[in-house]
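Text of the file upload10.cif, holding mmCIF, N, CA and C atoms:
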data_final
#
loop_
_atom_site.label_atom_id
_atom_site.label_comp_id
_atom_site.auth_asym_id
_atom_site.auth_seq_id
_atom_site.Cartn_x
_atom_site.Cartn_y
_atom_site.Cartn_z
N MET A 26 129.55 25.19 88.60
CA MET A 26 128.12 25.05 88.88
C MET A 26 127.87 25.48 90.32
N TRP A 27 126.77 26.15 90.54
CA TRP A 27 126.38 26.55 91.88
C TRP A 27 125.94 25.34 92.67
N SER A 28 126.43 25.20 93.87
CA SER A 28 125.94 24.11 94.72
C SER A 28 124.64 24.56 95.38
N GLY A 29 123.83 23.60 95.80
CA GLY A 29 122.59 23.93 96.51
C GLY A 29 122.86 24.81 97.70
N ARG A 30 123.94 24.52 98.43
CA ARG A 30 124.30 25.31 99.61
C ARG A 30 124.70 26.73 99.21
N LYS A 31 125.52 26.84 98.16
CA LYS A 31 125.99 28.15 97.71
C LYS A 31 124.82 29.01 97.23
N VAL A 32 123.90 28.41 96.48
CA VAL A 32 122.72 29.14 96.01
C VAL A 32 121.91 29.63 97.21
N ALA A 33 121.64 28.73 98.15
CA ALA A 33 120.85 29.10 99.32
C ALA A 33 121.55 30.18 100.14
N ARG A 34 122.86 30.07 100.32
CA ARG A 34 123.61 31.07 101.09
C ARG A 34 123.59 32.43 100.39
N TRP A 35 123.79 32.45 99.07
CA TRP A 35 123.79 33.70 98.32
C TRP A 35 122.44 34.39 98.43
N ILE A 36 121.37 33.64 98.25
CA ILE A 36 120.04 34.23 98.34
C ILE A 36 119.76 34.71 99.75
N ALA A 37 120.19 33.95 100.75
CA ALA A 37 120.01 34.37 102.14
C ALA A 37 120.71 35.69 102.40
N GLN A 38 121.91 35.86 101.87
CA GLN A 38 122.63 37.12 102.03
C GLN A 38 121.89 38.27 101.36
N LYS A 39 121.38 38.03 100.17
CA LYS A 39 120.68 39.09 99.43
C LYS A 39 119.36 39.47 100.08
N THR A 40 118.69 38.50 100.70
CA THR A 40 117.37 38.77 101.28
C THR A 40 117.42 39.03 102.77
N GLY A 41 118.57 38.75 103.41
CA GLY A 41 118.69 38.93 104.85
C GLY A 41 117.97 37.85 105.65
N ARG A 42 117.66 36.72 105.03
CA ARG A 42 116.97 35.62 105.70
C ARG A 42 117.92 34.46 105.94
N ASP A 43 117.65 33.71 107.00
CA ASP A 43 118.45 32.51 107.26
C ASP A 43 118.03 31.36 106.35
N GLN A 44 116.74 31.19 106.16
CA GLN A 44 116.22 30.11 105.34
C GLN A 44 115.70 30.67 104.02
N VAL A 45 115.92 29.96 102.95
CA VAL A 45 115.44 30.39 101.64
C VAL A 45 114.45 29.36 101.12
N HIS A 46 113.29 29.83 100.75
CA HIS A 46 112.25 28.97 100.21
C HIS A 46 112.67 28.46 98.83
N PRO A 47 112.30 27.25 98.47
CA PRO A 47 112.65 26.74 97.14
C PRO A 47 112.27 27.68 95.99
N ARG A 48 111.17 28.44 96.14
CA ARG A 48 110.80 29.39 95.06
C ARG A 48 111.86 30.47 94.90
N GLY A 49 112.48 30.87 96.00
CA GLY A 49 113.55 31.86 95.91
C GLY A 49 114.75 31.32 95.16
N ILE A 50 115.06 30.06 95.38
CA ILE A 50 116.16 29.43 94.66
C ILE A 50 115.81 29.32 93.18
N ALA A 51 114.57 28.94 92.88
CA ALA A 51 114.13 28.85 91.48
C ALA A 51 114.23 30.21 90.81
N GLU A 52 113.82 31.25 91.50
CA GLU A 52 113.88 32.60 90.94
C GLU A 52 115.33 33.00 90.65
N PHE A 53 116.22 32.73 91.59
CA PHE A 53 117.63 33.03 91.40
C PHE A 53 118.18 32.30 90.17
N LEU A 54 117.91 31.00 90.07
CA LEU A 54 118.41 30.22 88.93
C LEU A 54 117.83 30.70 87.61
N ASN A 55 116.54 30.99 87.61
CA ASN A 55 115.90 31.49 86.39
C ASN A 55 116.56 32.79 85.94
N ASP A 56 116.83 33.69 86.88
CA ASP A 56 117.51 34.94 86.54
C ASP A 56 118.90 34.68 85.97
N GLN A 57 119.62 33.72 86.57
CA GLN A 57 120.96 33.38 86.07
C GLN A 57 120.90 32.83 84.64
N PHE A 58 119.94 31.93 84.40
CA PHE A 58 119.80 31.39 83.04
C PHE A 58 119.47 32.49 82.05
N ARG A 59 118.54 33.36 82.42
CA ARG A 59 118.15 34.44 81.51
C ARG A 59 119.33 35.35 81.20
N ASP A 60 120.13 35.65 82.21
CA ASP A 60 121.32 36.47 81.99
C ASP A 60 122.29 35.80 81.03
N GLN A 61 122.53 34.51 81.21
CA GLN A 61 123.45 33.78 80.34
C GLN A 61 122.91 33.66 78.91
N ILE A 62 121.63 33.42 78.79
CA ILE A 62 121.01 33.34 77.46
C ILE A 62 121.17 34.66 76.72
N LYS A 63 120.93 35.76 77.43
CA LYS A 63 121.08 37.08 76.82
C LYS A 63 122.54 37.36 76.48
N ARG A 64 123.43 37.09 77.41
CA ARG A 64 124.85 37.36 77.21
C ARG A 64 125.40 36.57 76.01
N ARG A 65 124.96 35.34 75.86
CA ARG A 65 125.46 34.49 74.78
C ARG A 65 124.63 34.58 73.50
N GLU A 66 123.58 35.41 73.56
CA GLU A 66 122.70 35.63 72.41
C GLU A 66 122.14 34.32 71.86
N LEU A 67 121.66 33.48 72.77
CA LEU A 67 121.08 32.19 72.38
C LEU A 67 119.60 32.37 72.06
N PRO A 68 119.08 31.59 71.14
CA PRO A 68 117.65 31.69 70.79
C PRO A 68 116.78 30.86 71.75
N TRP A 69 117.00 31.05 73.03
CA TRP A 69 116.31 30.31 74.07
C TRP A 69 115.63 31.27 75.03
N THR A 70 114.83 30.71 75.92
CA THR A 70 114.27 31.48 77.02
C THR A 70 114.20 30.58 78.24
N ALA A 71 114.17 31.19 79.42
CA ALA A 71 114.03 30.46 80.68
C ALA A 71 112.75 30.93 81.34
N LYS A 72 111.96 29.99 81.82
CA LYS A 72 110.68 30.31 82.46
C LYS A 72 110.61 29.63 83.83
N GLN A 73 110.19 30.40 84.81
CA GLN A 73 110.08 29.89 86.18
C GLN A 73 108.64 29.46 86.46
N MET A 74 108.47 28.17 86.73
CA MET A 74 107.18 27.59 87.11
C MET A 74 106.04 28.04 86.21
N THR A 75 106.30 28.06 84.91
CA THR A 75 105.33 28.54 83.93
C THR A 75 104.97 27.51 82.89
N VAL A 76 105.93 26.65 82.53
CA VAL A 76 105.76 25.72 81.42
C VAL A 76 105.53 24.31 81.95
N GLY A 77 104.46 23.69 81.49
CA GLY A 77 104.19 22.30 81.83
C GLY A 77 104.89 21.38 80.85
N VAL A 78 105.29 20.23 81.34
CA VAL A 78 105.90 19.21 80.51
C VAL A 78 105.03 17.97 80.62
N ARG A 79 104.37 17.60 79.52
CA ARG A 79 103.51 16.42 79.52
C ARG A 79 104.38 15.21 79.83
N SER A 80 103.97 14.44 80.83
CA SER A 80 104.80 13.31 81.23
C SER A 80 103.92 12.14 81.68
N PRO A 81 104.44 10.94 81.51
CA PRO A 81 103.67 9.76 81.90
C PRO A 81 103.77 9.51 83.40
N ARG A 82 102.67 9.14 84.00
CA ARG A 82 102.69 8.69 85.39
C ARG A 82 101.90 7.41 85.43
N GLY A 83 102.62 6.33 85.66
CA GLY A 83 101.97 5.02 85.60
C GLY A 83 101.53 4.76 84.17
N ARG A 84 100.26 4.46 84.01
CA ARG A 84 99.72 4.24 82.67
C ARG A 84 99.03 5.48 82.11
N ASN A 85 99.11 6.56 82.84
CA ASN A 85 98.44 7.80 82.47
C ASN A 85 99.41 8.73 81.73
N TRP A 86 99.11 9.06 80.46
CA TRP A 86 99.98 9.92 79.65
C TRP A 86 99.42 11.33 79.48
N ASP A 87 98.38 11.68 80.19
CA ASP A 87 97.82 13.02 80.00
C ASP A 87 98.04 13.92 81.22
N THR A 88 99.11 13.67 81.94
CA THR A 88 99.46 14.52 83.08
C THR A 88 100.67 15.38 82.73
N SER A 89 100.88 16.42 83.49
CA SER A 89 102.00 17.33 83.25
C SER A 89 102.74 17.63 84.54
N ARG A 90 104.02 17.86 84.41
CA ARG A 90 104.85 18.36 85.50
C ARG A 90 105.14 19.82 85.18
N ILE A 91 105.27 20.64 86.20
CA ILE A 91 105.67 22.03 86.00
C ILE A 91 106.99 22.22 86.76
N PRO A 92 108.12 22.13 86.04
CA PRO A 92 109.42 22.26 86.70
C PRO A 92 109.60 23.65 87.31
N ALA A 93 110.51 23.74 88.28
CA ALA A 93 110.83 25.03 88.89
C ALA A 93 111.35 26.00 87.83
N VAL A 94 112.20 25.50 86.94
CA VAL A 94 112.72 26.30 85.82
C VAL A 94 112.76 25.40 84.59
N THR A 95 112.33 25.97 83.47
CA THR A 95 112.40 25.27 82.18
C THR A 95 113.12 26.17 81.19
N VAL A 96 114.11 25.62 80.52
CA VAL A 96 114.81 26.34 79.45
C VAL A 96 114.39 25.67 78.14
N LEU A 97 113.91 26.48 77.21
CA LEU A 97 113.40 25.96 75.95
C LEU A 97 113.69 26.95 74.83
N PRO A 98 113.63 26.47 73.58
CA PRO A 98 113.84 27.40 72.46
C PRO A 98 112.79 28.51 72.48
N LEU A 99 113.23 29.72 72.18
CA LEU A 99 112.33 30.88 72.16
C LEU A 99 111.18 30.65 71.19
N ALA A 100 111.45 30.06 70.03
CA ALA A 100 110.39 29.80 69.05
C ALA A 100 109.32 28.87 69.62
N GLN A 101 109.73 27.90 70.39
CA GLN A 101 108.78 26.98 71.00
C GLN A 101 107.91 27.71 72.02
N TRP A 102 108.51 28.59 72.82
CA TRP A 102 107.74 29.38 73.79
C TRP A 102 106.75 30.29 73.06
N GLU A 103 107.21 30.96 72.01
CA GLU A 103 106.34 31.87 71.27
C GLU A 103 105.17 31.12 70.62
N ALA A 104 105.39 29.88 70.21
CA ALA A 104 104.32 29.08 69.61
C ALA A 104 103.22 28.76 70.63
N MET A 105 103.53 28.87 71.90
CA MET A 105 102.55 28.59 72.96
C MET A 105 101.70 29.80 73.30
N SER A 106 101.93 30.92 72.65
CA SER A 106 101.22 32.16 73.01
C SER A 106 99.71 32.05 72.82
N GLU A 107 99.27 31.20 71.92
CA GLU A 107 97.85 31.05 71.63
C GLU A 107 97.24 29.78 72.22
N ARG A 108 98.00 29.11 73.08
CA ARG A 108 97.50 27.87 73.68
C ARG A 108 98.10 27.69 75.07
N GLU A 109 97.72 26.62 75.71
CA GLU A 109 98.25 26.29 77.02
C GLU A 109 99.77 26.10 76.95
N ALA A 110 100.48 26.60 77.95
CA ALA A 110 101.95 26.51 77.96
C ALA A 110 102.38 25.13 78.45
N VAL A 111 102.15 24.14 77.61
CA VAL A 111 102.52 22.76 77.91
C VAL A 111 103.27 22.19 76.72
N ILE A 112 104.41 21.56 77.00
CA ILE A 112 105.15 20.88 75.95
C ILE A 112 104.58 19.47 75.86
N ASN A 113 103.95 19.19 74.74
CA ASN A 113 103.28 17.90 74.54
C ASN A 113 104.27 16.84 74.08
N LEU A 114 103.83 15.59 74.15
CA LEU A 114 104.69 14.46 73.82
C LEU A 114 105.17 14.47 72.38
N ASN A 115 104.41 15.07 71.47
CA ASN A 115 104.79 15.10 70.06
C ASN A 115 105.70 16.29 69.73
N GLU A 116 106.09 17.06 70.73
CA GLU A 116 106.95 18.23 70.52
C GLU A 116 108.36 17.95 71.03
N LEU A 117 109.29 18.78 70.58
CA LEU A 117 110.65 18.66 71.09
C LEU A 117 110.64 18.89 72.60
N PRO A 118 111.42 18.12 73.34
CA PRO A 118 111.47 18.33 74.79
C PRO A 118 112.24 19.61 75.10
N PRO A 119 112.08 20.14 76.31
CA PRO A 119 112.86 21.32 76.69
C PRO A 119 114.35 21.01 76.70
N ILE A 120 115.15 22.04 76.66
CA ILE A 120 116.61 21.90 76.69
C ILE A 120 117.06 21.47 78.08
N LEU A 121 116.43 22.06 79.08
CA LEU A 121 116.82 21.82 80.46
C LEU A 121 115.62 22.02 81.37
N VAL A 122 115.48 21.17 82.38
CA VAL A 122 114.52 21.41 83.44
C VAL A 122 115.26 21.34 84.77
N VAL A 123 114.81 22.17 85.71
CA VAL A 123 115.40 22.22 87.04
C VAL A 123 114.30 22.02 88.06
N GLU A 124 114.57 21.17 89.02
CA GLU A 124 113.68 21.01 90.17
C GLU A 124 114.46 21.37 91.42
N VAL A 125 113.82 22.11 92.32
CA VAL A 125 114.42 22.47 93.61
C VAL A 125 113.74 21.61 94.66
N VAL A 126 114.53 20.82 95.34
CA VAL A 126 114.01 19.87 96.31
C VAL A 126 113.49 20.58 97.56
N SER A 127 112.33 20.15 97.99
CA SER A 127 111.79 20.56 99.28
C SER A 127 111.38 19.28 100.00
N PRO A 128 111.13 19.34 101.30
CA PRO A 128 110.78 18.10 102.00
C PRO A 128 109.59 17.37 101.37
N SER A 129 108.63 18.10 100.86
CA SER A 129 107.44 17.46 100.30
C SER A 129 107.63 16.90 98.89
N THR A 130 108.71 17.29 98.19
CA THR A 130 108.91 16.83 96.81
C THR A 130 110.14 15.94 96.64
N LYS A 131 110.85 15.66 97.70
CA LYS A 131 112.14 14.97 97.60
C LYS A 131 112.05 13.64 96.83
N THR A 132 111.11 12.78 97.17
CA THR A 132 111.00 11.49 96.50
C THR A 132 110.66 11.67 95.03
N ASP A 133 109.71 12.55 94.72
CA ASP A 133 109.37 12.80 93.31
C ASP A 133 110.56 13.35 92.54
N ASP A 134 111.27 14.32 93.13
CA ASP A 134 112.38 14.96 92.43
C ASP A 134 113.49 13.97 92.10
N TYR A 135 113.80 13.09 93.04
CA TYR A 135 114.90 12.15 92.84
C TYR A 135 114.51 10.89 92.07
N ARG A 136 113.27 10.47 92.18
CA ARG A 136 112.89 9.20 91.55
C ARG A 136 111.93 9.39 90.38
N SER A 137 110.72 9.80 90.69
CA SER A 137 109.67 9.85 89.66
C SER A 137 110.04 10.78 88.51
N LYS A 138 110.39 12.02 88.85
CA LYS A 138 110.68 13.00 87.79
C LYS A 138 111.92 12.61 87.00
N ARG A 139 112.91 12.06 87.69
CA ARG A 139 114.12 11.64 86.99
C ARG A 139 113.79 10.62 85.91
N SER A 140 112.99 9.61 86.24
CA SER A 140 112.67 8.59 85.24
C SER A 140 111.74 9.15 84.17
N GLU A 141 110.78 10.01 84.55
CA GLU A 141 109.88 10.60 83.56
C GLU A 141 110.64 11.49 82.59
N TYR A 142 111.51 12.37 83.11
CA TYR A 142 112.25 13.27 82.24
C TYR A 142 113.23 12.50 81.35
N GLY A 143 113.79 11.40 81.87
CA GLY A 143 114.66 10.55 81.05
C GLY A 143 113.90 9.90 79.91
N LEU A 144 112.70 9.41 80.20
CA LEU A 144 111.85 8.79 79.18
C LEU A 144 111.48 9.81 78.10
N LEU A 145 111.31 11.06 78.48
CA LEU A 145 110.96 12.12 77.53
C LEU A 145 112.18 12.66 76.77
N GLU A 146 113.36 12.15 77.10
CA GLU A 146 114.62 12.54 76.46
C GLU A 146 114.93 14.02 76.61
N ILE A 147 114.63 14.55 77.78
CA ILE A 147 115.02 15.92 78.09
C ILE A 147 116.54 15.93 78.23
N SER A 148 117.19 16.85 77.51
CA SER A 148 118.65 16.85 77.42
C SER A 148 119.35 16.88 78.77
N GLU A 149 118.80 17.68 79.68
CA GLU A 149 119.45 17.80 80.99
C GLU A 149 118.41 18.10 82.06
N TYR A 150 118.57 17.47 83.19
CA TYR A 150 117.69 17.63 84.34
C TYR A 150 118.56 17.92 85.55
N TRP A 151 118.35 19.09 86.14
CA TRP A 151 119.10 19.47 87.34
C TRP A 151 118.23 19.27 88.56
N ILE A 152 118.82 18.70 89.58
CA ILE A 152 118.19 18.63 90.89
C ILE A 152 119.03 19.52 91.80
N VAL A 153 118.42 20.57 92.30
CA VAL A 153 119.09 21.46 93.24
C VAL A 153 118.51 21.13 94.61
N ASP A 154 119.36 20.64 95.48
CA ASP A 154 118.90 20.15 96.77
C ASP A 154 119.52 20.94 97.92
N PRO A 155 118.83 22.00 98.36
CA PRO A 155 119.36 22.77 99.49
C PRO A 155 119.29 21.99 100.81
N LEU A 156 118.46 20.95 100.87
CA LEU A 156 118.35 20.14 102.09
C LEU A 156 119.63 19.35 102.31
N GLU A 157 120.15 18.77 101.23
CA GLU A 157 121.39 17.98 101.30
C GLU A 157 122.61 18.81 100.91
N GLU A 158 122.37 20.05 100.50
CA GLU A 158 123.43 20.97 100.06
C GLU A 158 124.20 20.39 98.88
N LYS A 159 123.44 19.85 97.90
CA LYS A 159 124.04 19.26 96.71
C LYS A 159 123.24 19.63 95.48
N ASN A 160 123.88 19.50 94.33
CA ASN A 160 123.24 19.63 93.03
C ASN A 160 123.58 18.41 92.20
N TYR A 161 122.68 18.05 91.31
CA TYR A 161 122.94 16.97 90.38
C TYR A 161 122.50 17.43 89.00
N ALA A 162 123.33 17.15 88.01
CA ALA A 162 122.96 17.38 86.62
C ALA A 162 122.87 16.02 85.96
N LEU A 163 121.69 15.68 85.46
CA LEU A 163 121.44 14.35 84.92
C LEU A 163 121.13 14.45 83.43
N ARG A 164 121.60 13.48 82.69
CA ARG A 164 121.31 13.38 81.26
C ARG A 164 120.75 11.99 80.99
N PRO A 165 119.86 11.86 80.00
CA PRO A 165 119.30 10.54 79.70
C PRO A 165 120.39 9.51 79.46
N GLY A 166 120.23 8.35 80.08
CA GLY A 166 121.19 7.27 79.87
C GLY A 166 122.51 7.45 80.59
N ALA A 167 122.64 8.48 81.41
CA ALA A 167 123.90 8.71 82.13
C ALA A 167 123.66 8.65 83.62
N SER A 168 124.70 8.41 84.35
CA SER A 168 124.60 8.45 85.80
C SER A 168 124.73 9.91 86.26
N VAL A 169 124.74 10.12 87.53
CA VAL A 169 124.86 11.48 88.08
C VAL A 169 126.14 12.11 87.59
N LEU A 170 126.05 13.37 87.13
CA LEU A 170 127.24 14.09 86.64
C LEU A 170 127.89 14.85 87.76
#

As a first step, turn the structure in this file into structure tokens.
Amino acid sequence: MWSGRKVARWIAQKTGRDQVHPRGIAEFLNDQFRDQIKRRELPWTAKQMTVGVRSPRGRNWDTSRIPAVTVLPLAQWEAMSEREAVINLNELPPILVVEVVSPSTKTDDYRSKRSEYGLLEISEYWIVDPLEEKNYALRPGASVL
């Protein structure tokens, strides 16, 4: 697995920049997922900051999160072509969501989103943290992997 530091360093080398914005990390990861999906001929797709995931916040169930990267079945993505690109509560959850930590999202990424995505039974939730130079892969009901 790519560490947050390794991802940031690789992108910095490719772009010639010292600092890499979280969107650059998300783009890199999305490209990697798409390459692997194609190579393995999986019926999935990866979308960068495009798909909303309906999630509860407090007592409010009509809000959505938009992960940095969402991996979902291709058929599910295609079914959204005629409607808003949001995975609703009555639909299968995405296969994987990735959040890239920035100073302004750190608390949400580690606490709020983790509990919301767990409640939604999303198979895997990655936290890529270039600030702490760490990555975490989380699964519902499991501790940090």

For the interface of range 61-151 of chain A with range 45-49 of chain A (cut-off 12 Å, counting only C-alpha atoms), please tabulate each contacting residue of range 61-151 of chain A alongside its nearest pair of atoms and their separation in Å to one decimal, rows sorted by chain and increasing number, as JSON lines.
{"residue": "A:Gln73", "atom": "CA", "partner": "A:Arg48", "partner_atom": "CA", "distance": 8.9}
{"residue": "A:Met74", "atom": "CA", "partner": "A:Arg48", "partner_atom": "CA", "distance": 8.9}
{"residue": "A:Pro92", "atom": "CA", "partner": "A:Arg48", "partner_atom": "CA", "distance": 11.1}
{"residue": "A:Ala93", "atom": "CA", "partner": "A:Arg48", "partner_atom": "CA", "distance": 7.6}
{"residue": "A:Val94", "atom": "CA", "partner": "A:Arg48", "partner_atom": "CA", "distance": 9.9}
{"residue": "A:Val123", "atom": "CA", "partner": "A:Pro47", "partner_atom": "CA", "distance": 11.4}
{"residue": "A:Glu124", "atom": "CA", "partner": "A:Pro47", "partner_atom": "CA", "distance": 9.1}
{"residue": "A:Val125", "atom": "CA", "partner": "A:Pro47", "partner_atom": "CA", "distance": 5.8}
{"residue": "A:Val126", "atom": "CA", "partner": "A:Pro47", "partner_atom": "CA", "distance": 7.1}
{"residue": "A:Ser127", "atom": "CA", "partner": "A:Pro47", "partner_atom": "CA", "distance": 6.6}
{"residue": "A:Pro128", "atom": "CA", "partner": "A:Pro47", "partner_atom": "CA", "distance": 10.1}
{"residue": "A:Ser129", "atom": "CA", "partner": "A:Pro47", "partner_atom": "CA", "distance": 11.1}
{"residue": "A:Thr130", "atom": "CA", "partner": "A:Pro47", "partner_atom": "CA", "distance": 10.6}
{"residue": "A:Lys131", "atom": "CA", "partner": "A:Pro47", "partner_atom": "CA", "distance": 11.8}

Based on the selection just made, write N, CA and C atoms of those residues as a compact mmCIF listing (two decimals), in the coordinates of the input.
# COMPACT_ATOMS: atom_id res chain seq x y z
N GLN A 73 110.19 30.40 84.81
CA GLN A 73 110.08 29.89 86.18
C GLN A 73 108.64 29.46 86.46
N MET A 74 108.47 28.17 86.73
CA MET A 74 107.18 27.59 87.11
C MET A 74 106.04 28.04 86.21
N PRO A 92 108.12 22.13 86.04
CA PRO A 92 109.42 22.26 86.70
C PRO A 92 109.60 23.65 87.31
N ALA A 93 110.51 23.74 88.28
CA ALA A 93 110.83 25.03 88.89
C ALA A 93 111.35 26.00 87.83
N VAL A 94 112.20 25.50 86.94
CA VAL A 94 112.72 26.30 85.82
C VAL A 94 112.76 25.40 84.59
N VAL A 123 114.81 22.17 85.71
CA VAL A 123 115.40 22.22 87.04
C VAL A 123 114.30 22.02 88.06
N GLU A 124 114.57 21.17 89.02
CA GLU A 124 113.68 21.01 90.17
C GLU A 124 114.46 21.37 91.42
N VAL A 125 113.82 22.11 92.32
CA VAL A 125 114.42 22.47 93.61
C VAL A 125 113.74 21.61 94.66
N VAL A 126 114.53 20.82 95.34
CA VAL A 126 114.01 19.87 96.31
C VAL A 126 113.49 20.58 97.56
N SER A 127 112.33 20.15 97.99
CA SER A 127 111.79 20.56 99.28
C SER A 127 111.38 19.28 100.00
N PRO A 128 111.13 19.34 101.30
CA PRO A 128 110.78 18.10 102.00
C PRO A 128 109.59 17.37 101.37
N SER A 129 108.63 18.10 100.86
CA SER A 129 107.44 17.46 100.30
C SER A 129 107.63 16.90 98.89
N THR A 130 108.71 17.29 98.19
CA THR A 130 108.91 16.83 96.81
C THR A 130 110.14 15.94 96.64
N LYS A 131 110.85 15.66 97.70
CA LYS A 131 112.14 14.97 97.60
C LYS A 131 112.05 13.64 96.83

| When DSSP works through the backbone of this structure, what residues of chain A end up as strand (DSSP E), shown as a PyMOL selection string? | chain A and resi 69-73+77-82+85-90+94-98+111-112+121-125+149-154+159-163

| If you count all atoms listed in the file, which residues fall within 8 Å of Gly77 in chain A, apart from same-chain ones fewer than 2 positions away, as number ranges by chain? | A: 74-75, 79-80, 88-92, 109-113

| Where in range 91-146 of chain A does DSSP assign alpha helix (DSSP H), given as a PyMOL selection string? | chain A and resi 99-104+131-132+138-144

| message | One decimal, in Å: what's the spacing between atom C of Glu146 in chain A and CA of Pro118 in chain A? | response |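 Between atom C of Glu146 in chain A and CA of Pro118 in chain A the gap works out to 5.8 Å.
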
| Can you tell me how far CA of Leu144 in chain A sits from CA of Thr70 in chain A, in Å to one decimal? | 22.9 Å

| task | Please provide the set of residues having any atom within 10 Å of Leu114 in chain A, restricted to only C-alpha atoms, with same-chain residues fewer than 5 positions apart removed, written as a list of chain:residue names. | result | A:Val78, A:Arg79, A:Ser80, A:Pro81, A:Trp86, A:Asp87, A:Leu145

| What is the CA of Glu157 in chain A-CA of Ile62 in chain A distance in Å, reported with one decimal? | 28.4 Å

Tell me which residues the PyMOL selection byres ((chain A and resi 161) around 6) grabs here, as a PDB file with N, CA and C atoms, keeping the file's coordinate frame.
ATOM      1  N   TYR A 150     118.570  17.470  83.190  1.00  0.00           N
ATOM      2  CA  TYR A 150     117.690  17.630  84.340  1.00  0.00           C
ATOM      3  C   TYR A 150     118.560  17.920  85.550  1.00  0.00           C
ATOM      4  N   TRP A 151     118.350  19.090  86.140  1.00  0.00           N
ATOM      5  CA  TRP A 151     119.100  19.470  87.340  1.00  0.00           C
ATOM      6  C   TRP A 151     118.230  19.270  88.560  1.00  0.00           C
ATOM      7  N   ILE A 152     118.820  18.700  89.580  1.00  0.00           N
ATOM      8  CA  ILE A 152     118.190  18.630  90.890  1.00  0.00           C
ATOM      9  C   ILE A 152     119.030  19.520  91.800  1.00  0.00           C
ATOM     10  N   VAL A 153     118.420  20.570  92.300  1.00  0.00           N
ATOM     11  CA  VAL A 153     119.090  21.460  93.240  1.00  0.00           C
ATOM     12  C   VAL A 153     118.510  21.130  94.610  1.00  0.00           C
ATOM     13  N   ASP A 154     119.360  20.640  95.480  1.00  0.00           N
ATOM     14  CA  ASP A 154     118.900  20.150  96.770  1.00  0.00           C
ATOM     15  C   ASP A 154     119.520  20.940  97.920  1.00  0.00           C
ATOM     16  N   LYS A 159     123.440  19.850  97.900  1.00  0.00           N
ATOM     17  CA  LYS A 159     124.040  19.260  96.710  1.00  0.00           C
ATOM     18  C   LYS A 159     123.240  19.630  95.480  1.00  0.00           C
ATOM     19  N   ASN A 160     123.880  19.500  94.330  1.00  0.00           N
ATOM     20  CA  ASN A 160     123.240  19.630  93.030  1.00  0.00           C
ATOM     21  C   ASN A 160     123.580  18.410  92.200  1.00  0.00           C
ATOM     22  N   ALA A 162     123.330  17.150  88.010  1.00  0.00           N
ATOM     23  CA  ALA A 162     122.960  17.380  86.620  1.00  0.00           C
ATOM     24  C   ALA A 162     122.870  16.020  85.960  1.00  0.00           C
ATOM     25  N   LEU A 163     121.690  15.680  85.460  1.00  0.00           N
ATOM     26  CA  LEU A 163     121.440  14.350  84.920  1.00  0.00           C
ATOM     27  C   LEU A 163     121.130  14.450  83.430  1.00  0.00           C
ATOM     28  N   LEU A 170     126.050  13.370  87.130  1.00  0.00           N
ATOM     29  CA  LEU A 170     127.240  14.090  86.640  1.00  0.00           C
ATOM     30  C   LEU A 170     127.890  14.850  87.760  1.00  0.00           C
TER      31      LEU A 170
END

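Using only C-alpha atoms, the contacts of Gln57 in chain A at a cut-off of 12 Å, with sequence neighbours closer than 4 positions omitted, comprise Met26, Trp27, Val32, Ile50, Ala51, Glu52, Phe53, Gln61, Ile62, Lys63, Arg64, Thr70, Ala71, Lys72, Gln73, Val94 and Val96 of chain A.
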
| Using the chain letters and numbers from the file, which residues does the PyMOL selection byres ((chain A and resi 97) around 5) grab, as a list in words? |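 Written out, the selection comes to Trp69, Thr70, Thr95, Val96, Pro98, Leu99, Pro119 and Ile120 of chain A.
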
Please, what is the axis-aligned box for every listed atom of range 102-115 of chain A with 3 Å on each side, as centre and edge lengths in Å to one decimal, as JSON?
{"center_x": 102.9, "center_y": 23.3, "center_z": 74.0, "size_x": 17.3, "size_y": 23.7, "size_z": 14.8}
